[in-house]
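Asker: Enclosed is the structure file query-v4.txt (compact mmCIF, C-alpha atoms).
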```txt
# COMPACT_ATOMS: atom_id res chain seq x y z
CA MET U 240 2.90 -17.61 6.52
CA ALA U 241 3.13 -21.38 6.15
CA SER U 242 6.54 -23.00 6.32
CA GLU U 243 7.92 -24.36 3.08
CA ASN U 244 8.94 -27.98 3.54
CA THR U 245 10.76 -28.45 0.26
CA ALA U 246 14.39 -28.83 1.28
CA PRO U 247 17.16 -27.06 -0.61
CA ARG U 248 19.77 -29.24 -2.29
CA THR U 249 22.17 -28.70 0.63
CA PRO U 250 20.57 -28.92 4.09
CA LEU U 251 21.48 -26.58 6.91
CA ARG U 252 24.57 -28.21 8.41
CA PHE U 253 24.81 -28.09 12.20
CA GLY U 254 27.82 -28.54 14.43
CA ILE U 255 27.39 -29.14 18.17
CA LEU U 256 29.65 -27.61 20.83
CA GLY U 257 30.12 -30.27 23.49
CA ALA U 258 28.61 -33.71 24.04
CA ALA U 259 25.80 -32.31 26.17
CA ARG U 260 23.07 -34.48 27.66
CA ILE U 261 20.40 -32.12 26.33
CA ALA U 262 21.56 -32.38 22.70
CA PRO U 263 19.60 -35.54 21.74
CA ASN U 264 16.25 -34.10 22.82
CA ALA U 265 16.99 -30.51 21.82
CA LEU U 266 18.48 -31.07 18.36
CA LEU U 267 19.46 -34.59 17.31
CA THR U 268 16.00 -36.16 17.49
CA PRO U 269 14.16 -33.15 16.01
CA ALA U 270 16.66 -33.02 13.14
CA LYS U 271 15.72 -36.55 12.06
CA SER U 272 12.30 -35.37 10.89
CA HIS U 273 13.44 -32.09 9.35
CA PRO U 274 14.34 -32.47 5.66
CA ASP U 275 16.50 -29.35 5.67
CA VAL U 276 18.78 -30.19 8.61
CA ALA U 277 21.90 -32.31 8.88
CA ILE U 278 24.00 -32.81 12.02
CA VAL U 279 27.50 -33.04 10.60
CA ALA U 280 29.91 -32.56 13.51
CA VAL U 281 30.42 -32.45 17.25
CA ALA U 282 33.29 -30.89 19.19
CA CYS U 283 34.36 -32.33 22.52
CA ARG U 284 37.63 -31.63 24.29
CA ASP U 285 37.54 -35.16 25.71
CA GLN U 286 38.36 -37.31 22.68
CA LYS U 287 36.89 -40.54 24.07
CA LYS U 288 33.64 -38.89 25.15
CA GLY U 289 33.29 -37.11 21.84
CA ALA U 290 33.92 -40.27 19.83
CA GLN U 291 31.36 -42.22 21.84
CA PHE U 292 28.80 -39.45 21.41
CA ALA U 293 29.40 -39.29 17.65
CA ARG U 294 29.08 -43.06 17.23
CA LYS U 295 25.91 -43.24 19.28
CA HIS U 296 24.22 -40.50 17.27
CA ASN U 297 25.72 -41.20 13.84
CA ILE U 298 27.54 -37.87 13.61
CA PRO U 299 30.13 -38.13 10.82
CA LYS U 300 32.77 -35.71 12.09
CA THR U 301 34.37 -35.21 15.51
CA PHE U 302 36.69 -32.49 16.74
CA ALA U 303 38.69 -33.25 19.90
CA GLY U 304 41.36 -31.68 22.05
CA PRO U 305 41.89 -28.15 23.43
CA GLN U 306 41.16 -26.50 20.05
CA ALA U 307 38.04 -28.57 19.34
CA TYR U 308 35.48 -25.78 19.65
CA LEU U 309 37.53 -23.36 17.56
CA GLU U 310 38.11 -25.96 14.86
CA LEU U 311 34.42 -26.81 14.61
CA ILE U 312 33.46 -23.14 14.38
CA ALA U 313 36.08 -22.55 11.68
CA ASP U 314 34.94 -25.51 9.56
CA PRO U 315 33.53 -24.15 6.25
CA GLY U 316 31.32 -27.23 5.99
CA ILE U 317 29.23 -26.07 8.95
CA ASP U 318 26.48 -23.46 8.59
CA ALA U 319 24.99 -23.33 12.10
CA ILE U 320 26.16 -23.98 15.63
CA TYR U 321 24.19 -25.45 18.51
CA ASN U 322 25.60 -24.17 21.81
CA PRO U 323 24.50 -26.23 24.84
CA LEU U 324 27.63 -25.42 26.88
CA PRO U 325 27.35 -24.29 30.54
CA ASN U 326 25.74 -20.88 30.94
CA GLY U 327 29.00 -19.12 31.65
CA LEU U 328 30.36 -20.20 28.26
CA HIS U 329 27.38 -19.11 26.16
CA PHE U 330 28.66 -15.61 25.45
CA GLU U 331 32.20 -16.51 24.41
CA TRP U 332 31.38 -19.40 22.12
CA THR U 333 28.29 -17.84 20.60
CA MET U 334 30.28 -14.68 19.87
CA ARG U 335 33.10 -16.70 18.33
CA ALA U 336 30.58 -18.50 16.12
CA VAL U 337 28.86 -15.27 15.09
CA GLU U 338 32.17 -13.67 14.19
CA ALA U 339 32.90 -16.70 12.03
CA GLY U 340 29.64 -16.07 10.16
CA LYS U 341 27.67 -18.96 11.68
CA HIS U 342 24.04 -19.00 12.72
CA VAL U 343 23.64 -20.05 16.36
CA LEU U 344 20.96 -21.79 18.39
CA VAL U 345 21.91 -21.07 22.02
CA GLU U 346 20.57 -22.96 25.00
CA LYS U 347 18.77 -20.95 27.63
CA PRO U 348 19.62 -18.76 29.38
CA PHE U 349 21.01 -16.90 26.38
CA THR U 350 23.80 -15.27 28.41
CA ASP U 351 24.67 -14.53 32.03
CA THR U 352 24.15 -10.78 31.66
CA ALA U 353 21.91 -8.51 29.60
CA GLU U 354 24.91 -6.58 28.32
CA GLU U 355 26.35 -9.78 26.86
CA ALA U 356 23.04 -10.38 25.07
CA ARG U 357 23.10 -6.88 23.61
CA GLN U 358 26.61 -7.42 22.29
CA LEU U 359 25.67 -10.74 20.70
CA PHE U 360 22.61 -9.41 18.89
CA ALA U 361 24.55 -6.39 17.67
CA ALA U 362 27.30 -8.66 16.32
CA ALA U 363 24.76 -10.99 14.68
CA GLU U 364 23.05 -8.09 12.95
CA LYS U 365 26.40 -6.84 11.68
CA LYS U 366 27.32 -10.29 10.38
CA GLY U 367 23.88 -11.01 8.95
CA VAL U 368 23.38 -14.25 10.88
CA VAL U 369 20.52 -15.63 12.96
CA ILE U 370 20.91 -16.27 16.68
CA LEU U 371 18.12 -17.58 18.90
CA GLU U 372 17.71 -18.45 22.56
CA ALA U 373 16.34 -22.00 22.76
CA MET U 374 13.23 -21.18 24.80
CA HIS U 375 11.53 -24.13 23.15
CA ALA U 376 8.30 -24.15 25.18
CA LEU U 377 7.15 -20.91 23.54
CA PHE U 378 7.16 -22.45 20.06
CA HIS U 379 4.60 -25.18 20.71
CA PRO U 380 1.05 -24.67 19.34
CA ALA U 381 -0.38 -25.19 22.84
CA MET U 382 1.40 -22.08 24.13
CA GLN U 383 0.32 -20.24 21.02
CA ARG U 384 -3.27 -21.31 21.68
CA VAL U 385 -3.20 -20.00 25.26
CA ARG U 386 -1.91 -16.68 24.02
CA GLU U 387 -4.60 -16.66 21.31
CA ILE U 388 -7.41 -17.21 23.83
CA ILE U 389 -6.10 -14.30 25.88
CA GLN U 390 -5.63 -11.97 22.93
CA ASN U 391 -9.00 -12.66 21.32
CA GLY U 392 -10.69 -11.09 24.33
CA GLU U 393 -12.92 -14.07 25.09
CA LEU U 394 -12.29 -13.69 28.84
CA GLY U 395 -11.50 -9.99 28.96
CA LYS U 396 -8.29 -8.43 30.20
CA VAL U 397 -5.56 -10.21 32.15
CA LYS U 398 -5.61 -9.55 35.90
CA SER U 399 -2.78 -11.84 37.05
CA ALA U 400 -0.52 -14.68 35.96
CA LYS U 401 1.23 -17.35 37.95
CA ALA U 402 3.69 -19.96 36.72
CA SER U 403 5.74 -22.62 38.44
CA LEU U 404 8.30 -25.25 37.62
CA ALA U 405 9.41 -27.24 40.62
CA LEU U 406 10.66 -30.79 41.05
CA PRO U 407 10.44 -32.98 44.15
CA GLN U 408 13.77 -33.61 45.82
CA ALA U 409 13.37 -37.34 45.25
CA LEU U 410 13.27 -36.80 41.48
CA SER U 411 15.97 -34.15 41.26
CA ARG U 412 18.54 -36.62 42.59
CA PHE U 413 18.15 -38.57 39.37
CA MET U 414 18.08 -35.55 37.08
CA PHE U 415 21.10 -33.60 38.29
CA LEU U 416 24.69 -34.61 38.91
CA GLU U 417 26.17 -34.02 42.37
CA ASP U 418 28.60 -31.48 40.89
CA ASP U 419 26.18 -30.31 38.20
CA VAL U 420 27.16 -27.14 36.34
CA ARG U 421 23.77 -25.76 37.39
CA PHE U 422 25.14 -25.52 40.94
CA GLN U 423 28.39 -23.74 40.02
CA TYR U 424 28.41 -19.97 40.40
CA ASP U 425 31.37 -19.34 38.11
CA LEU U 426 29.51 -21.11 35.29
CA GLY U 427 26.34 -19.08 35.68
CA GLY U 428 24.55 -21.58 37.88
CA GLY U 429 21.38 -21.16 39.91
CA CYS U 430 17.79 -22.33 39.72
CA SER U 431 16.63 -19.01 38.29
CA MET U 432 19.11 -19.39 35.43
CA ASP U 433 17.91 -22.89 34.62
CA MET U 434 14.38 -23.91 35.58
CA GLY U 435 13.40 -20.36 36.50
CA VAL U 436 13.58 -19.06 32.94
CA TYR U 437 10.53 -21.15 31.95
CA PRO U 438 7.90 -19.66 34.28
CA LEU U 439 9.30 -16.16 33.71
CA ALA U 440 9.21 -16.50 29.92
CA ALA U 441 5.73 -18.03 30.00
CA ILE U 442 4.31 -15.20 32.11
CA ARG U 443 5.81 -12.54 29.87
CA TYR U 444 4.65 -14.30 26.71
CA VAL U 445 1.00 -14.82 27.58
CA ALA U 446 0.69 -11.42 29.27
CA GLY U 447 2.22 -9.65 26.30
CA ALA U 448 4.92 -8.20 28.55
CA GLU U 449 7.95 -8.98 26.42
CA SER U 450 9.20 -5.56 25.37
CA ALA U 451 10.56 -4.40 28.72
CA ALA U 452 12.08 -5.95 31.83
CA LEU U 453 9.52 -6.66 34.52
CA GLU U 454 9.34 -4.72 37.76
CA VAL U 455 10.30 -7.24 40.44
CA THR U 456 8.37 -6.42 43.59
CA SER U 457 9.78 -9.24 45.71
CA ALA U 458 12.14 -12.19 45.38
CA THR U 459 12.93 -14.85 47.96
CA ALA U 460 15.73 -17.32 47.37
CA THR U 461 16.40 -20.64 49.07
CA GLY U 462 20.13 -21.26 48.96
CA HIS U 463 21.59 -24.41 47.47
CA PRO U 464 23.49 -26.50 50.06
CA LEU U 465 26.66 -26.44 47.95
CA ASP U 466 26.80 -22.64 47.77
CA PRO U 467 23.89 -21.07 49.69
CA GLU U 468 25.18 -17.50 49.49
CA ARG U 469 25.41 -17.42 45.69
CA ILE U 470 23.37 -20.28 44.20
CA ASP U 471 19.61 -20.50 44.55
CA ARG U 472 18.08 -23.93 44.91
CA ALA U 473 14.69 -22.26 44.67
CA MET U 474 13.34 -18.80 43.87
CA HIS U 475 9.94 -17.22 44.32
CA ALA U 476 9.38 -13.80 42.75
CA THR U 477 6.49 -11.40 42.28
CA TYR U 478 6.08 -8.77 39.59
CA ALA U 479 4.11 -5.66 38.76
CA LEU U 480 3.14 -5.42 35.10
CA SER U 481 1.40 -2.59 33.28
CA ASP U 482 -2.33 -1.89 33.78
CA SER U 483 -2.18 -3.14 37.40
CA VAL U 484 -1.51 -6.74 36.31
CA THR U 485 0.39 -8.81 38.87
CA ALA U 486 2.39 -11.98 38.42
CA GLU U 487 4.45 -14.50 40.35
CA SER U 488 6.88 -17.25 39.46
CA THR U 489 8.27 -20.19 41.39
CA ALA U 490 11.16 -22.46 40.49
CA ASP U 491 12.76 -25.16 42.60
CA PHE U 492 15.48 -27.70 41.85
CA GLY U 493 14.21 -29.98 44.62
CA ILE U 494 11.19 -29.47 46.88
CA PRO U 495 11.83 -31.29 50.18
CA GLY U 496 9.49 -34.07 51.15
CA TRP U 497 6.84 -33.53 53.79
CA GLY U 498 5.27 -35.49 56.63
CA PRO U 499 7.24 -37.42 59.25
CA PHE U 500 10.96 -36.87 58.63
CA GLY U 501 10.14 -35.53 55.17
CA LEU U 502 9.62 -39.03 53.85
CA ILE U 503 6.58 -38.25 51.71
CA PRO U 504 7.69 -36.90 48.30
CA SER U 505 6.28 -33.62 47.05
CA GLY U 506 4.63 -33.44 43.66
CA ILE U 507 5.80 -31.82 40.43
CA HIS U 508 4.62 -28.27 39.88
CA ILE U 509 4.44 -27.33 36.20
CA ASP U 510 1.44 -25.05 35.76
CA LEU U 511 0.70 -21.71 34.16
CA VAL U 512 -2.44 -20.03 35.50
CA VAL U 513 -3.82 -16.82 34.01
CA SER U 514 -6.70 -15.02 35.74
CA LEU U 515 -8.75 -12.69 33.56
CA GLU U 516 -11.80 -10.49 34.09
CA GLY U 517 -14.10 -13.16 32.73
CA GLY U 518 -12.46 -16.37 33.97
CA ASP U 519 -9.28 -18.40 34.29
CA ILE U 520 -6.97 -20.41 32.04
CA THR U 521 -4.83 -23.20 33.49
CA TYR U 522 -2.18 -24.66 31.22
CA PHE U 523 -0.71 -27.82 32.70
CA ASN U 524 2.74 -28.98 31.56
CA TYR U 525 3.58 -25.84 29.62
CA VAL U 526 7.26 -26.85 29.45
CA LEU U 527 6.91 -30.20 27.67
CA PRO U 528 3.36 -30.20 26.28
CA SER U 529 4.16 -32.68 23.53
CA THR U 530 4.23 -35.49 26.12
CA PHE U 531 0.90 -34.48 27.65
CA HIS U 532 -0.87 -31.25 28.51
CA THR U 533 -4.23 -29.68 29.21
CA ILE U 534 -5.55 -26.17 28.67
CA LYS U 535 -8.51 -25.67 31.00
CA VAL U 536 -10.66 -22.64 30.26
CA LYS U 537 -13.09 -21.73 33.05
CA PRO U 538 -15.27 -18.71 32.23
CA LYS U 539 -17.22 -17.07 35.04
CA ARG U 540 -20.25 -17.42 32.84
CA GLY U 541 -20.84 -20.39 30.59
CA SER U 542 -19.36 -23.86 30.43
CA ALA U 543 -15.77 -24.80 31.17
CA ARG U 544 -13.79 -26.67 28.56
CA THR U 545 -10.48 -28.48 28.18
CA GLU U 546 -8.34 -28.19 25.07
CA LYS U 547 -5.32 -30.15 23.91
CA VAL U 548 -3.36 -28.65 21.05
CA TYR U 549 -0.54 -30.50 19.30
CA ARG U 550 -0.61 -28.77 15.92
CA TYR U 551 -1.88 -25.49 14.52
CA ALA U 552 -5.57 -25.18 13.63
CA ASP U 553 -4.74 -24.99 9.92
CA GLY U 554 -2.84 -28.29 10.08
CA ARG U 555 0.71 -27.00 10.35
CA GLY U 556 3.06 -29.13 12.42
CA ASP U 557 2.57 -32.68 13.60
CA LYS U 558 1.27 -34.31 16.76
CA SER U 559 4.56 -36.18 17.10
CA TRP U 560 6.60 -32.98 17.14
CA SER U 561 8.18 -31.94 20.42
CA THR U 562 8.63 -28.34 21.52
CA TYR U 563 12.21 -28.67 20.27
CA ARG U 564 11.01 -29.76 16.84
CA TYR U 565 8.76 -26.73 16.54
CA GLN U 566 11.67 -24.59 17.65
CA LEU U 567 13.93 -26.11 15.00
CA GLU U 568 11.29 -25.44 12.36
CA ALA U 569 11.26 -21.77 13.34
CA PHE U 570 15.06 -21.49 13.41
CA VAL U 571 15.50 -23.02 9.97
CA ASP U 572 12.70 -20.90 8.52
CA LYS U 573 14.38 -17.76 9.85
CA VAL U 574 17.76 -18.76 8.43
CA ARG U 575 16.18 -19.55 5.05
CA GLY U 576 14.46 -16.17 4.89
CA ARG U 577 10.95 -17.48 5.58
CA THR U 578 8.57 -16.16 8.22
CA PRO U 579 8.56 -18.51 11.25
CA TRP U 580 5.27 -19.58 12.77
CA ALA U 581 6.54 -18.15 16.07
CA TRP U 582 9.68 -16.23 16.96
CA ILE U 583 11.50 -14.63 19.91
CA ASP U 584 12.94 -11.26 19.02
CA PRO U 585 16.18 -9.84 20.48
CA GLN U 586 14.42 -7.35 22.76
CA THR U 587 12.46 -10.15 24.40
CA THR U 588 15.63 -12.11 25.12
CA ILE U 589 17.52 -9.09 26.42
CA THR U 590 14.73 -8.00 28.75
CA GLN U 591 14.29 -11.57 29.99
CA ILE U 592 17.88 -11.49 31.23
CA GLU U 593 17.43 -7.99 32.63
CA THR U 594 14.51 -9.36 34.66
CA LEU U 595 16.67 -12.25 35.92
CA GLU U 596 19.26 -9.70 37.02
CA ARG U 597 16.57 -7.81 38.93
CA ILE U 598 15.37 -11.02 40.60
CA TYR U 599 18.84 -11.81 41.93
CA ALA U 600 19.31 -8.24 43.13
CA LYS U 601 15.95 -8.21 44.92
CA ALA U 602 16.71 -11.59 46.52
CA GLY U 603 20.06 -10.32 47.81
CA LEU U 604 22.14 -12.75 45.77
CA PRO U 605 25.12 -11.62 43.69
CA PRO U 606 24.70 -11.13 39.93
CA ARG U 607 25.91 -13.88 37.63
CA VAL U 608 29.50 -13.41 36.49
CA ALA U 609 30.08 -11.81 33.10
CA SER U 610 32.40 -13.60 30.71
CA SER U 611 36.01 -12.44 30.62
CA TYR U 612 36.11 -13.09 26.88
CA LYS U 613 36.82 -10.08 24.70
CA PRO U 614 35.64 -10.55 21.10
CA GLU U 615 38.46 -11.17 18.66
CA THR U 616 38.17 -12.26 15.06
CA SER U 617 41.81 -13.15 14.59
CA THR U 618 41.73 -16.61 16.21
CA VAL U 619 38.89 -18.00 14.15
CA SER U 620 40.18 -16.29 11.04
CA ALA U 621 43.57 -17.90 11.53
CA LEU U 622 42.04 -21.33 11.98
CA SER U 623 39.89 -20.81 8.90
CA SER U 624 42.97 -19.97 6.81
CA GLY U 625 45.01 -22.81 8.30
CA ASP U 626 47.59 -20.51 9.92
CA ALA U 627 46.92 -21.50 13.53
```
Written as structure tokens, that's how I'd like the structure from this file.
Answerer:
Amino acid sequence: MASENTAPRTPLRFGILGAARIAPNALLTPAKSHPDVAIVAVACRDQKKGAQFARKHNIPKTFAGPQAYLELIADPGIDAIYNPLPNGLHFEWTMRAVEAGKHVLVEKPFTDTAEEARQLFAAAEKKGVVILEAMHALFHPAMQRVREIIQNGELGKVKSAKASLALPQALSRFMFLEDDVRFQYDLGGGCSMDMGVYPLAAIRYVAGAESAALEVTSATATGHPLDPERIDRAMHATYALSDSVTAESTADFGIPGWGPFGLIPSGIHIDLVVSLEGGDITYFNYVLPSTFHTIKVKPKRGSARTEKVYRYADGRGDKSWSTYRYQLEAFVDKVRGRTPWAWIDPQTTITQIETLERIYAKAGLPPRVASSYKPETSTVSALSSGDA
């Protein structure tokens, strides 16, 4: 069903929890081209940081101080929450938002544990609100095209799938802070919880293996120097899918250089390769295809071809749209009661996290820590009524 682009009189009003570095790419920029979205507020416990963020991005309202997140969630002028907080805070603040009747777009990974995900989806269903894990790469037409080629039977059945997302150490120094939350165990850190979710989700999506957690046949972790016993700098895992299909994923925060003294930088690995009975499909840059990508189809018989897909075949979307913009389109459509062009259902999200739990167990690393938050409606209700 095609998306309806006629905006209601009042757009969907978003509030952002935290002045996160990902917010401009993930929501602020995509919102500029969506006629039914308005970014109306940001909450930041650091008043100066929040004010600077709001000024830079023309956000009209700022909440600051220790009650900032609660006050934003309780604001009746906000319809939806974007939660880009550290992983370990996803459950608490998404649950608080859901209990306040807000729709929520949650950064990946959705939660630290599968049980937390189950609780959130159950609460959202009870409240009648939409919650979505921001696995943006799956919403782009290029990923949809790869899945379409596989499902139309052109190359026969899938035999194996392999996906990687790995950065050279030289580049990761510029991308991550020295004390980055990604490296902190108590906040749900680890490469598998950050970069690792992309290759795992891509494999499951194109192989049609989304309904159940994958069987993890092996997992090898490389410990992060800051916490090698609990935080993975890199993870390689293999899987057994149904019908004798095999798969493997690789994620790495920083591949060491090679050659004399490791001075020669490694390259970026960002490929999805699917081997089928009748040939192979290689999808390069499956994470951020809007910048550049290729889909190389190599049949065992016949000519190879390369495709680049930035919009749907029927014209939906726009070449300028990022993966995040396609994701926002889907989220708004779902909230407005329309059928999204692509969607990630609760079972897919829950079993994704179950698979992550299995990877850590197989690798001999401890599970990520569940939130200590126990759902309560009284706090938000009090703030909403002005009694707090």
Asker: At what distance in Å, to one decimal, does CA of Gly316 in chain U lie from CA of Arg252 in chain U?
Answerer: 7.2 Å
Asker: Counting only C-alpha atoms, which of U:Phe415, U:Glu310, U:Met334, U:Phe570 gets nearest to Val276 in chain U?
Answerer: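 So, comparing all the options, the nearest one is U:Phe570.
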Asker: Using all atoms listed in the file, find all polymer residues with an atom at most 12 Å away from the point (6.7, -14.9, 19.2); report them as JSON, numbers by chain.
Answerer: {"U": [371, 374, 375, 376, 377, 378, 379, 380, 382, 383, 386, 387, 440, 441, 443, 444, 445, 447, 448, 449, 450, 566, 569, 578, 579, 580, 581, 582, 583, 584, 585, 586, 587, 588]}
Asker: One decimal, Å: what's the distance from CA of Ala409 in chain U over to CA of Gly506 in chain U, could you say?
Answerer: 9.7 Å
Asker: Which of these, U:Ile370, U:Ala282, U:Ile298, U:Ala473, has the shortest distance to Leu267 in chain U once you count only C-alpha atoms?
Answerer: U:Ile298
Asker: Quick one: pull the distance between CA of Ile317 in chain U and CA of Arg575 in chain U, Å, one decimal.
Answerer: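 One can read the CA of Ile317 in chain U to CA of Arg575 in chain U distance as 15.1 Å.
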Asker: Of the residues U:Arg384, U:Arg421, U:His273, U:Lys288, which is the one nearest to Thr533 in chain U, using only C-alpha atoms?
Answerer: U:Arg384
Asker: Please determine, counting all atoms listed in the file, which residue among U:Ala277, U:Ser483, U:Ala307, U:Lys341 has the shortest atom-to-atom distance to Gly289 in chain U.
Answerer: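 Of U:Ala277, U:Ser483, U:Ala307, U:Lys341, the one nearest Gly289 in chain U is U:Ala307, counting all atoms listed in the file.
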Asker: Restricting the calculation to only C-alpha atoms, which member of U:Leu527, U:Ile255, U:Ala270, U:Val281 is positioned closest to Val571 in chain U?
Answerer: U:Ala270
Asker: Take range 258-266 of chain U, bring it up to all heavy atoms, and give me the output as an mmCIF file, in the frame of the given file.
Answerer:
```
data_model
loop_
_atom_site.group_PDB
_atom_site.id
_atom_site.type_symbol
_atom_site.label_atom_id
_atom_site.label_comp_id
_atom_site.auth_asym_id
_atom_site.auth_seq_id
_atom_site.Cartn_x
_atom_site.Cartn_y
_atom_site.Cartn_z
ATOM 1 N N ALA U 258 29.460 -32.514 24.062
ATOM 2 C CA ALA U 258 28.610 -33.710 24.040
ATOM 3 C C ALA U 258 27.598 -33.614 25.172
ATOM 4 O O ALA U 258 27.587 -34.410 26.107
ATOM 5 C CB ALA U 258 29.473 -34.967 24.182
ATOM 6 N N ALA U 259 26.731 -32.622 25.088
ATOM 7 C CA ALA U 259 25.800 -32.310 26.170
ATOM 8 C C ALA U 259 24.645 -33.309 26.243
ATOM 9 O O ALA U 259 24.182 -33.817 25.227
ATOM 10 C CB ALA U 259 25.244 -30.898 25.980
ATOM 11 N N ARG U 260 24.174 -33.536 27.453
ATOM 12 C CA ARG U 260 23.070 -34.480 27.660
ATOM 13 C C ARG U 260 21.773 -33.988 27.039
ATOM 14 O O ARG U 260 20.906 -34.787 26.691
ATOM 15 C CB ARG U 260 22.864 -34.714 29.163
ATOM 16 C CG ARG U 260 23.983 -35.499 29.834
ATOM 17 C CD ARG U 260 23.629 -35.825 31.268
ATOM 18 N NE ARG U 260 23.486 -34.631 32.094
ATOM 19 C CZ ARG U 260 22.908 -34.614 33.302
ATOM 20 N NH1 ARG U 260 22.398 -35.725 33.800
ATOM 21 N NH2 ARG U 260 22.852 -33.502 33.998
ATOM 22 N N ILE U 261 21.618 -32.669 26.889
ATOM 23 C CA ILE U 261 20.400 -32.120 26.330
ATOM 24 C C ILE U 261 20.349 -32.237 24.812
ATOM 25 O O ILE U 261 19.270 -32.167 24.209
ATOM 26 C CB ILE U 261 20.258 -30.627 26.742
ATOM 27 C CG1 ILE U 261 18.888 -30.066 26.340
ATOM 28 C CG2 ILE U 261 21.365 -29.789 26.123
ATOM 29 C CD1 ILE U 261 17.712 -30.707 27.003
ATOM 30 N N ALA U 262 21.486 -32.417 24.170
ATOM 31 C CA ALA U 262 21.560 -32.380 22.700
ATOM 32 C C ALA U 262 20.630 -33.377 21.998
ATOM 33 O O ALA U 262 20.008 -33.021 20.993
ATOM 34 C CB ALA U 262 23.000 -32.583 22.246
ATOM 35 N N PRO U 263 20.514 -34.617 22.451
ATOM 36 C CA PRO U 263 19.600 -35.540 21.740
ATOM 37 C C PRO U 263 18.164 -35.043 21.685
ATOM 38 O O PRO U 263 17.535 -35.046 20.620
ATOM 39 C CB PRO U 263 19.733 -36.835 22.560
ATOM 40 C CG PRO U 263 21.106 -36.774 23.136
ATOM 41 C CD PRO U 263 21.312 -35.321 23.476
ATOM 42 N N ASN U 264 17.626 -34.594 22.819
ATOM 43 C CA ASN U 264 16.250 -34.100 22.820
ATOM 44 C C ASN U 264 16.120 -32.764 22.102
ATOM 45 O O ASN U 264 15.147 -32.522 21.374
ATOM 46 C CB ASN U 264 15.751 -33.928 24.260
ATOM 47 C CG ASN U 264 15.449 -35.254 24.924
ATOM 48 O OD1 ASN U 264 15.161 -36.241 24.262
ATOM 49 N ND2 ASN U 264 15.520 -35.285 26.238
ATOM 50 N N ALA U 265 17.101 -31.881 22.306
ATOM 51 C CA ALA U 265 16.990 -30.510 21.820
ATOM 52 C C ALA U 265 17.276 -30.372 20.326
ATOM 53 O O ALA U 265 16.726 -29.480 19.680
ATOM 54 C CB ALA U 265 17.931 -29.608 22.600
ATOM 55 N N LEU U 266 18.115 -31.240 19.765
ATOM 56 C CA LEU U 266 18.480 -31.070 18.360
ATOM 57 C C LEU U 266 18.549 -32.373 17.572
ATOM 58 O O LEU U 266 18.010 -32.464 16.463
ATOM 59 C CB LEU U 266 19.825 -30.348 18.253
ATOM 60 C CG LEU U 266 20.322 -30.078 16.831
ATOM 61 C CD1 LEU U 266 19.351 -29.158 16.079
ATOM 62 C CD2 LEU U 266 21.714 -29.471 16.853
#
```
